[in-house]
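A.B. asks: What follows is a single structure, and I will ask about it in a moment.
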Amino acid sequence: MKMYALYNVRDIPNLEYNHRKYCEANNIEYNKDYISDSLSEKYSYILKHLQKNINNTLIFIDNFTYFKKFNYIPKLTNDIHIQKKDAALIDSFFIVKSTEKTIKIFEQALHSINKIGFFVNTWHEIREKKINFPDEFCEKYPYLSDNGIYTNVCLSKHKNAYDLANVLCVNFTHVFLENEGKYFADALCAFSGKTYEPFKENYECFNAGHQTAFVTLYTPNILNAGIVSEKNLKQFCLNNKITLHVYRDIPEELSKQNISGAWCKPWLLLKHFHNYENLAWIDSDILIAKNYKVDVSHEVAVYKDPTAKFNSGYMMFKTTEKNKNLLNSVIKKIEKIDGVLEGVYTHGGDQPRFIDAIFEYYPEYSPLSAIMGNTHPVFPISISPHQDDVMLHFMGFDENLRIATMRAYNEIMLNQY
């Protein structure tokens, strides 16, 4: 038996180690290829290896999949062991015995893919094209990845975020493309299951006495993600002479106004406004790597959003009278809303109010690139957790996956110090 790992990223040392250890434990020959996102290229490599290894059984695995136990050997009753769902193949992990028959099947599949085009890179794009993998050659093993592997990590929903023990493959949010999330498996391989005890106080000023400060808030309903972010931000602030104000629940004076934590930003920024030269709001689902440089050179620094002019999860302000008036104008816009202010997306959230206010006060302003800060881990490009100069914002994630990936990424980031 041989394994062929088909990776479309290179910076995955934990994942590669996981695949090698599995092979060592089971006397399987390990091989790897670096390929593009193209399904045509992927199946060309598969076909080439099948043709070279007649009568051998081959494991094909990619960088979306890792082993949760090394003594897992699937019991094969057919020549192809692969998952199918809704006419699409779940081909992050599959096993093939190389025979004339299976080679012909993969030749047919490659021919069908090539008719659509080289740059097709997801099965969703060819779901209606009836790629021919006859059912008699496919194992009917469960779509749940409970047989010793975590597969399709980029599309996974972790039912137990503490030990990552149960993974259900689902399409879960519009933010992701199927071919993204390339580093998730590598980060999760490094995850040791570390959790943090919640803090008792509702408020803390950490690392006081500096000219630049962050303000953040998380409420009990997002406690598990908030604790991870707080641990990360404290280490970063300590290393970069930044003061951190942490609110672990809505302050009493704001809770009386019947608003949720997602709407508190302008009030809390104004509360600390006169004590600093530079003051930033930072959401509690953001992690910062060791060597990231906080930009304080602008009157206002905000970063583009995948779906809007900018994202209000991280905003840096010079503490000028103009910006004080700007924040007060956001409060006035919020106070005009008729109805209860609960949840991030109620009435469109606070982001449209910040967008309107910033462009009212700075009509010529151009938001900074999302590659420079407040960066989504996946969109528009997939960011490695080993990169030491990024600010990552885990926006749009399913909550369980957010907790799991933040913990995993944070362990790698804290090891940078």
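Labeling convention for the structure tokens: chains A, B, ... as they appear, residues from 1 per chain, ligands from 1 in order of appearance.
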Which of segment 7-78 of chain A end up as strand (DSSP E or B) when DSSP is run on this backbone - answer as an MDAnalysis selection string?
C.D. replies: chainID A and resid 7 29:34 57:62 66:67
A.B. asks: For C-alpha atoms, I'd like the residues from the last selection saved as a PDB file, in the first residue's frame.
C.D. replies:
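Result file is selection_29.pdb:
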```pdb
ATOM      1  CA  TYR A   7      -1.117  19.288  -1.474  1.00  0.00           C
ATOM      2  CA  GLU A  29       5.050   4.207   1.605  1.00  0.00           C
ATOM      3  CA  TYR A  30       4.569   8.003   1.785  1.00  0.00           C
ATOM      4  CA  ASN A  31       4.788  10.190  -1.335  1.00  0.00           C
ATOM      5  CA  LYS A  32       3.743  13.790  -1.921  1.00  0.00           C
ATOM      6  CA  ASP A  33       3.040  16.095  -4.846  1.00  0.00           C
ATOM      7  CA  TYR A  34       2.370  19.826  -4.890  1.00  0.00           C
ATOM      8  CA  THR A  57      -3.678  -0.237  -3.383  1.00  0.00           C
ATOM      9  CA  LEU A  58      -3.171   3.529  -3.198  1.00  0.00           C
ATOM     10  CA  ILE A  59      -4.356   6.077  -0.637  1.00  0.00           C
ATOM     11  CA  PHE A  60      -4.940   9.603  -1.930  1.00  0.00           C
ATOM     12  CA  ILE A  61      -5.171  12.398   0.634  1.00  0.00           C
ATOM     13  CA  ASP A  62      -5.073  16.187   0.483  1.00  0.00           C
ATOM     14  CA  TYR A  66      -5.893  14.416   8.770  1.00  0.00           C
ATOM     15  CA  PHE A  67      -5.898  11.286  10.932  1.00  0.00           C
TER      16      PHE A  67
END
```
A.B. asks: So that I can see what lies close to Ile73 of chain A, please list as a PyMOL selection string the residues with an atom at most 12 Å from it, counting only C-alpha atoms and leaving out residues fewer than 6 positions away in the same chain.
C.D. replies: chain A and resi 1+22-23+25-28+59+67+81+94-95+147-149
A.B. asks: Take the residues from that selection and write them out as a PDB file, in the first residue's frame, keeping C-alpha atoms.
C.D. replies:
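Here's the written file out27.pdb:
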```
ATOM      1  CA  MET A   1       0.000   0.000   0.000  1.00  0.00           C
ATOM      2  CA  TYR A  22       0.187   7.385   9.836  1.00  0.00           C
ATOM      3  CA  CYS A  23       2.276   5.805   7.094  1.00  0.00           C
ATOM      4  CA  ALA A  25       2.551   3.246  11.877  1.00  0.00           C
ATOM      5  CA  ASN A  26       1.057   1.115   9.096  1.00  0.00           C
ATOM      6  CA  ASN A  27       4.104   0.364   6.938  1.00  0.00           C
ATOM      7  CA  ILE A  28       2.760   2.458   4.070  1.00  0.00           C
ATOM      8  CA  ILE A  59      -4.356   6.077  -0.637  1.00  0.00           C
ATOM      9  CA  PHE A  67      -5.898  11.286  10.932  1.00  0.00           C
ATOM     10  CA  HIS A  81     -13.308   3.556  -1.343  1.00  0.00           C
ATOM     11  CA  PHE A  94     -10.037   7.933  -0.832  1.00  0.00           C
ATOM     12  CA  ILE A  95      -8.490   4.564  -1.548  1.00  0.00           C
ATOM     13  CA  ASN A 147     -13.782   6.278  11.021  1.00  0.00           C
ATOM     14  CA  GLY A 148     -10.399   7.588  12.071  1.00  0.00           C
ATOM     15  CA  ILE A 149     -10.052  10.659   9.889  1.00  0.00           C
TER      16      ILE A 149
END
```
A.B. asks: Which distance in Å separates atom CA of Tyr218 of chain A and atom CA of Ser366 of chain A, to one decimal?
C.D. replies: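 Value for the atom CA of Tyr218 of chain A-atom CA of Ser366 of chain A distance: 29.1 Å.
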A.B. asks: Phe199 of chain A: which residues within 10 Å, counting only C-alpha atoms, same-chain residues fewer than 4 positions away excluded, as a short mmCIF file (atom, residue, chain, number, x, y, z; two decimals) with C-alpha atoms, in the first residue's frame?
C.D. replies:
```cif
data_model
loop_
_atom_site.label_atom_id
_atom_site.label_comp_id
_atom_site.auth_asym_id
_atom_site.auth_seq_id
_atom_site.Cartn_x
_atom_site.Cartn_y
_atom_site.Cartn_z
CA TYR A 203 -13.75 44.50 33.26
CA GLU A 204 -9.94 44.68 33.22
CA LEU A 223 -17.29 33.32 26.03
CA ILE A 227 -11.30 34.03 26.09
CA ARG A 248 -16.37 40.60 29.65
#
```
A.B. asks: Segment 47-53 of chain A: which residues within 10 Å, counting only C-alpha atoms, same-chain residues fewer than 5 positions away excluded, as a list in words?
C.D. replies: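 Those residues are Met1, Lys2, Tyr4, Glu41, Lys42, Leu58, Phe60, Val96, Lys97, Ser98, Thr99, Glu100, Thr102, Ile103, Lys104, Ile105, Phe106, Glu107, Ala109 and Leu110 of chain A.
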A.B. asks: Could the residues in this selection be saved with C-alpha atoms as a short mmCIF file (atom, residue, chain, number, x, y, z; two decimals), in the first residue's frame?
C.D. replies:
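Here's the written file part.cif:
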```
data_model
loop_
_atom_site.label_atom_id
_atom_site.label_comp_id
_atom_site.auth_asym_id
_atom_site.auth_seq_id
_atom_site.Cartn_x
_atom_site.Cartn_y
_atom_site.Cartn_z
CA MET A 1 0.00 0.00 0.00
CA LYS A 2 1.19 3.50 -0.86
CA TYR A 4 0.06 9.88 -2.37
CA GLU A 41 -4.51 18.52 -12.51
CA LYS A 42 -5.51 16.57 -9.40
CA LEU A 58 -3.17 3.53 -3.20
CA PHE A 60 -4.94 9.60 -1.93
CA VAL A 96 -8.19 2.85 -4.93
CA LYS A 97 -6.90 -0.55 -5.99
CA SER A 98 -5.21 0.01 -9.33
CA THR A 99 -6.79 -2.29 -11.91
CA GLU A 100 -7.69 -1.92 -15.57
CA THR A 102 -10.47 1.48 -11.96
CA ILE A 103 -8.01 3.13 -14.33
CA LYS A 104 -10.77 3.28 -16.94
CA ILE A 105 -13.14 4.87 -14.41
CA PHE A 106 -10.62 7.59 -13.58
CA GLU A 107 -9.91 8.13 -17.27
CA ALA A 109 -13.73 11.13 -14.81
CA LEU A 110 -10.74 13.10 -16.08
#
```
A.B. asks: Please report as a tab-separated table every residue of segment 267-307 of chain A lying within 6 Å of segment 376-399 of chain A, along with the nearest atom pair and their distance in Å (one decimal), using only C-alpha atoms.
C.D. replies:
```
residue	atom	partner	partner_atom	distance
A:Asp285	CA	A:Phe394	CA	5.6
A:Ile286	CA	A:His393	CA	4.4
A:Leu287	CA	A:Leu392	CA	5.3
A:Ile288	CA	A:Met391	CA	4.3
A:Ala289	CA	A:Asp388	CA	4.9
A:Lys290	CA	A:Asp388	CA	5.6
A:Asn291	CA	A:Asp389	CA	4.6
A:Tyr292	CA	A:Asp389	CA	3.9
```
A.B. asks: Please, could you write that set of residues out with C-alpha atoms as a short mmCIF file (atom, residue, chain, number, x, y, z; two decimals), in the first residue's frame?
C.D. replies:
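Saved the output as out_20.cif:
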```cif
data_model
loop_
_atom_site.label_atom_id
_atom_site.label_comp_id
_atom_site.auth_asym_id
_atom_site.auth_seq_id
_atom_site.Cartn_x
_atom_site.Cartn_y
_atom_site.Cartn_z
CA ASP A 285 -12.94 36.95 17.33
CA ILE A 286 -9.64 38.49 16.20
CA LEU A 287 -6.14 37.02 16.71
CA ILE A 288 -2.86 38.85 16.08
CA ALA A 289 0.49 37.23 15.28
CA LYS A 290 3.68 38.31 17.01
CA ASN A 291 5.26 40.52 14.34
CA TYR A 292 2.15 42.31 13.09
#
```
